[in-house]
Amino acid sequence: MMTTEMGKTFRSRSMKLRNARGSAAILCGNAERFLADEVVETTASRSYIRYQPLGAVLAVMPWNFPFWQVMRFAARH
């Protein structure tokens with residue numbers, strides 16, 4: 001589909017898929033560590049940073065980078 005509808009070469013398509021697959025593997029393999037509470041030193045008795053879902057996030061992506069852009073966006077948000 002990337003080749004026929006977006007004009008990507010087979011080589012470019014393969015590289016994009018490889019990048020997306022690698023990003024997904026890193027995110028999945030480290031999700032628990034990335035989302036773990038982070039203790040922060042303050043004057044309070046206990047302080048930490050906690051990542052919690054805030055709801056839906058809208059992203060406007062270029063149509064010709066379907067896999068890599070999605071993984072990049074997911075990694076940042």
# chains A, B, ... in the order shown; residues from 1 in each chain; ligands from 1
>>> residues_around(residues="Arg21 in chain A", least_positions_apart="3", cutoff="9 Å", atoms="only C-alpha atoms", output="PyMOL selection string")
chain A and resi 16-18+24-26+67-68+71
>>> write_last_selection(atoms="N, CA and C atoms", output="JSON list (two decimals), in the first residue's frame")
[["chain", "number", "residue", "atom", "x", "y", "z"],
["A", 16, "LYS", "N", 11.11, 2.27, 6.45],
["A", 16, "LYS", "CA", 10.09, 2.87, 7.32],
["A", 16, "LYS", "C", 9.46, 1.82, 8.23],
["A", 17, "LEU", "N", 9.18, 0.66, 7.69],
["A", 17, "LEU", "CA", 8.62, -0.41, 8.49],
["A", 17, "LEU", "C", 9.60, -0.87, 9.56],
["A", 18, "ARG", "N", 10.89, -0.96, 9.20],
["A", 18, "ARG", "CA", 11.92, -1.37, 10.15],
["A", 18, "ARG", "C", 12.02, -0.34, 11.29],
["A", 24, "ALA", "N", 8.44, 0.43, 18.13],
["A", 24, "ALA", "CA", 7.43, -0.31, 18.89],
["A", 24, "ALA", "C", 8.08, -1.27, 19.87],
["A", 25, "ALA", "N", 9.15, -1.93, 19.45],
["A", 25, "ALA", "CA", 9.85, -2.87, 20.34],
["A", 25, "ALA", "C", 10.45, -2.14, 21.54],
["A", 26, "ILE", "N", 11.03, -0.97, 21.30],
["A", 26, "ILE", "CA", 11.61, -0.20, 22.40],
["A", 26, "ILE", "C", 10.52, 0.27, 23.36],
["A", 67, "PHE", "N", 3.59, 4.81, 9.37],
["A", 67, "PHE", "CA", 4.04, 4.00, 10.50],
["A", 67, "PHE", "C", 5.03, 4.73, 11.40],
["A", 68, "TRP", "N", 6.06, 5.28, 10.81],
["A", 68, "TRP", "CA", 7.11, 5.93, 11.58],
["A", 68, "TRP", "C", 6.56, 7.13, 12.35],
["A", 71, "MET", "N", 4.58, 6.02, 15.43],
["A", 71, "MET", "CA", 5.45, 5.56, 16.50],
["A", 71, "MET", "C", 6.16, 6.73, 17.17]]
>>> closest_residue(among="A:Met15, A:Ala59, A:Val39, A:Ile49", to="Arg72 in chain A", atoms="only C-alpha atoms")
A:Ala59
>>> closest_residue(among="A:Val40, A:Val70, A:Val57, A:Met6", to="Asn19 in chain A", atoms="only C-alpha atoms")
A:Val70
>>> select_by_dssp(residues="chain A", states="helix (DSSP H, G or I)", output="MDAnalysis selection string")
chainID A and resid 2:6 10:35 66:76
>>> select_by_dssp(residues="chain A", states="strand (DSSP E or B)", output="list in words")
Glu38, Val39, Tyr48 and Ile49 of chain A
>>> write_last_selection(atoms="N, CA and C atoms", output="PDB file, in the first residue's frame")
ATOM      1  N   GLU A  38       8.534   8.675  39.332  1.00  0.00           N
ATOM      2  CA  GLU A  38       9.893   9.202  39.472  1.00  0.00           C
ATOM      3  C   GLU A  38       9.966  10.036  40.750  1.00  0.00           C
ATOM      4  N   VAL A  39      10.758   9.602  41.700  1.00  0.00           N
ATOM      5  CA  VAL A  39      10.900  10.318  42.972  1.00  0.00           C
ATOM      6  C   VAL A  39      11.684  11.607  42.725  1.00  0.00           C
ATOM      7  N   TYR A  48       6.864  13.077  43.950  1.00  0.00           N
ATOM      8  CA  TYR A  48       7.157  12.224  42.807  1.00  0.00           C
ATOM      9  C   TYR A  48       6.384  12.696  41.587  1.00  0.00           C
ATOM     10  N   ILE A  49       6.847  12.264  40.436  1.00  0.00           N
ATOM     11  CA  ILE A  49       6.167  12.526  39.170  1.00  0.00           C
ATOM     12  C   ILE A  49       5.475  11.233  38.776  1.00  0.00           C
TER      13      ILE A  49
END
>>> atom_distance(atom1="CA of Gln69 in chain A", atom2="CA of Phe34 in chain A")
19.6 Å
>>> atom_distance(atom1="CA of Arg50 in chain A", atom2="CA of Ala20 in chain A")
26.8 Å
>>> atom_distance(atom1="CA of Ala74 in chain A", atom2="CA of Leu27 in chain A")
8.7 Å
>>> decode(residues="chain A", atoms="C-alpha atoms", output="mmCIF file, in the first residue's frame")
data_model
loop_
_atom_site.group_PDB
_atom_site.id
_atom_site.type_symbol
_atom_site.label_atom_id
_atom_site.label_comp_id
_atom_site.auth_asym_id
_atom_site.auth_seq_id
_atom_site.Cartn_x
_atom_site.Cartn_y
_atom_site.Cartn_z
ATOM 1 C CA MET A 1 0.000 0.000 0.000
ATOM 2 C CA MET A 2 2.857 2.407 0.770
ATOM 3 C CA THR A 3 4.293 1.734 -2.662
ATOM 4 C CA THR A 4 1.117 1.832 -4.745
ATOM 5 C CA GLU A 5 -0.761 4.629 -2.971
ATOM 6 C CA MET A 6 2.046 6.850 -1.674
ATOM 7 C CA GLY A 7 4.758 6.320 -4.250
ATOM 8 C CA LYS A 8 7.309 4.947 -1.782
ATOM 9 C CA THR A 9 10.019 2.738 -3.216
ATOM 10 C CA PHE A 10 10.287 -0.816 -1.899
ATOM 11 C CA ARG A 11 13.535 0.111 -0.160
ATOM 12 C CA SER A 12 12.041 3.220 1.445
ATOM 13 C CA ARG A 13 8.996 1.249 2.523
ATOM 14 C CA SER A 14 11.152 -1.432 4.116
ATOM 15 C CA MET A 15 13.214 1.148 5.998
ATOM 16 C CA LYS A 16 10.092 2.873 7.318
ATOM 17 C CA LEU A 17 8.616 -0.410 8.491
ATOM 18 C CA ARG A 18 11.919 -1.365 10.150
ATOM 19 C CA ASN A 19 12.021 1.992 11.991
ATOM 20 C CA ALA A 20 8.429 1.631 13.158
ATOM 21 C CA ARG A 21 8.986 -1.956 14.278
ATOM 22 C CA GLY A 22 12.122 -0.950 16.198
ATOM 23 C CA SER A 23 10.313 1.937 17.897
ATOM 24 C CA ALA A 24 7.426 -0.313 18.887
ATOM 25 C CA ALA A 25 9.850 -2.869 20.336
ATOM 26 C CA ILE A 26 11.610 -0.196 22.399
ATOM 27 C CA LEU A 27 8.325 1.251 23.664
ATOM 28 C CA CYS A 28 6.845 -2.137 24.540
ATOM 29 C CA GLY A 29 10.038 -3.449 26.097
ATOM 30 C CA ASN A 30 10.517 -0.393 28.311
ATOM 31 C CA ALA A 31 6.965 0.826 28.937
ATOM 32 C CA GLU A 32 6.970 -0.104 32.610
ATOM 33 C CA ARG A 33 10.240 1.755 33.181
ATOM 34 C CA PHE A 34 9.147 4.788 31.105
ATOM 35 C CA LEU A 35 5.866 5.088 33.032
ATOM 36 C CA ALA A 36 7.183 4.349 36.528
ATOM 37 C CA ASP A 37 6.833 6.987 39.224
ATOM 38 C CA GLU A 38 9.893 9.202 39.472
ATOM 39 C CA VAL A 39 10.900 10.318 42.972
ATOM 40 C CA VAL A 40 11.809 14.010 43.154
ATOM 41 C CA GLU A 41 13.743 15.633 45.983
ATOM 42 C CA THR A 42 11.803 18.564 47.470
ATOM 43 C CA THR A 43 11.170 20.019 50.893
ATOM 44 C CA ALA A 44 7.921 18.032 51.102
ATOM 45 C CA SER A 45 7.853 14.703 52.930
ATOM 46 C CA ARG A 46 7.241 12.821 49.669
ATOM 47 C CA SER A 47 7.317 14.083 46.073
ATOM 48 C CA TYR A 48 7.157 12.224 42.807
ATOM 49 C CA ILE A 49 6.167 12.526 39.170
ATOM 50 C CA ARG A 50 3.425 10.152 38.054
ATOM 51 C CA TYR A 51 2.335 9.669 34.450
ATOM 52 C CA GLN A 52 -1.427 9.274 34.137
ATOM 53 C CA PRO A 53 -3.685 9.288 31.080
ATOM 54 C CA LEU A 54 -5.336 12.641 30.494
ATOM 55 C CA GLY A 55 -7.684 11.627 27.672
ATOM 56 C CA ALA A 56 -7.585 11.630 23.916
ATOM 57 C CA VAL A 57 -4.720 13.353 22.111
ATOM 58 C CA LEU A 58 -5.154 14.726 18.608
ATOM 59 C CA ALA A 59 -2.302 14.534 16.141
ATOM 60 C CA VAL A 60 -2.295 15.751 12.567
ATOM 61 C CA MET A 61 0.157 13.602 10.615
ATOM 62 C CA PRO A 62 1.445 13.742 7.048
ATOM 63 C CA TRP A 63 -0.288 11.117 4.933
ATOM 64 C CA ASN A 64 2.949 9.720 3.495
ATOM 65 C CA PHE A 65 4.628 8.627 6.759
ATOM 66 C CA PRO A 66 2.007 6.334 8.274
ATOM 67 C CA PHE A 67 4.041 3.996 10.499
ATOM 68 C CA TRP A 68 7.110 5.929 11.583
ATOM 69 C CA GLN A 69 5.193 9.122 12.404
ATOM 70 C CA VAL A 70 2.661 7.230 14.502
ATOM 71 C CA MET A 71 5.450 5.565 16.502
ATOM 72 C CA ARG A 72 7.274 8.863 16.922
ATOM 73 C CA PHE A 73 4.111 10.532 18.148
ATOM 74 C CA ALA A 74 3.315 7.666 20.517
ATOM 75 C CA ALA A 75 6.803 7.862 22.003
ATOM 76 C CA ARG A 76 6.443 11.551 22.789
ATOM 77 C CA HIS A 77 2.944 11.384 24.224
#
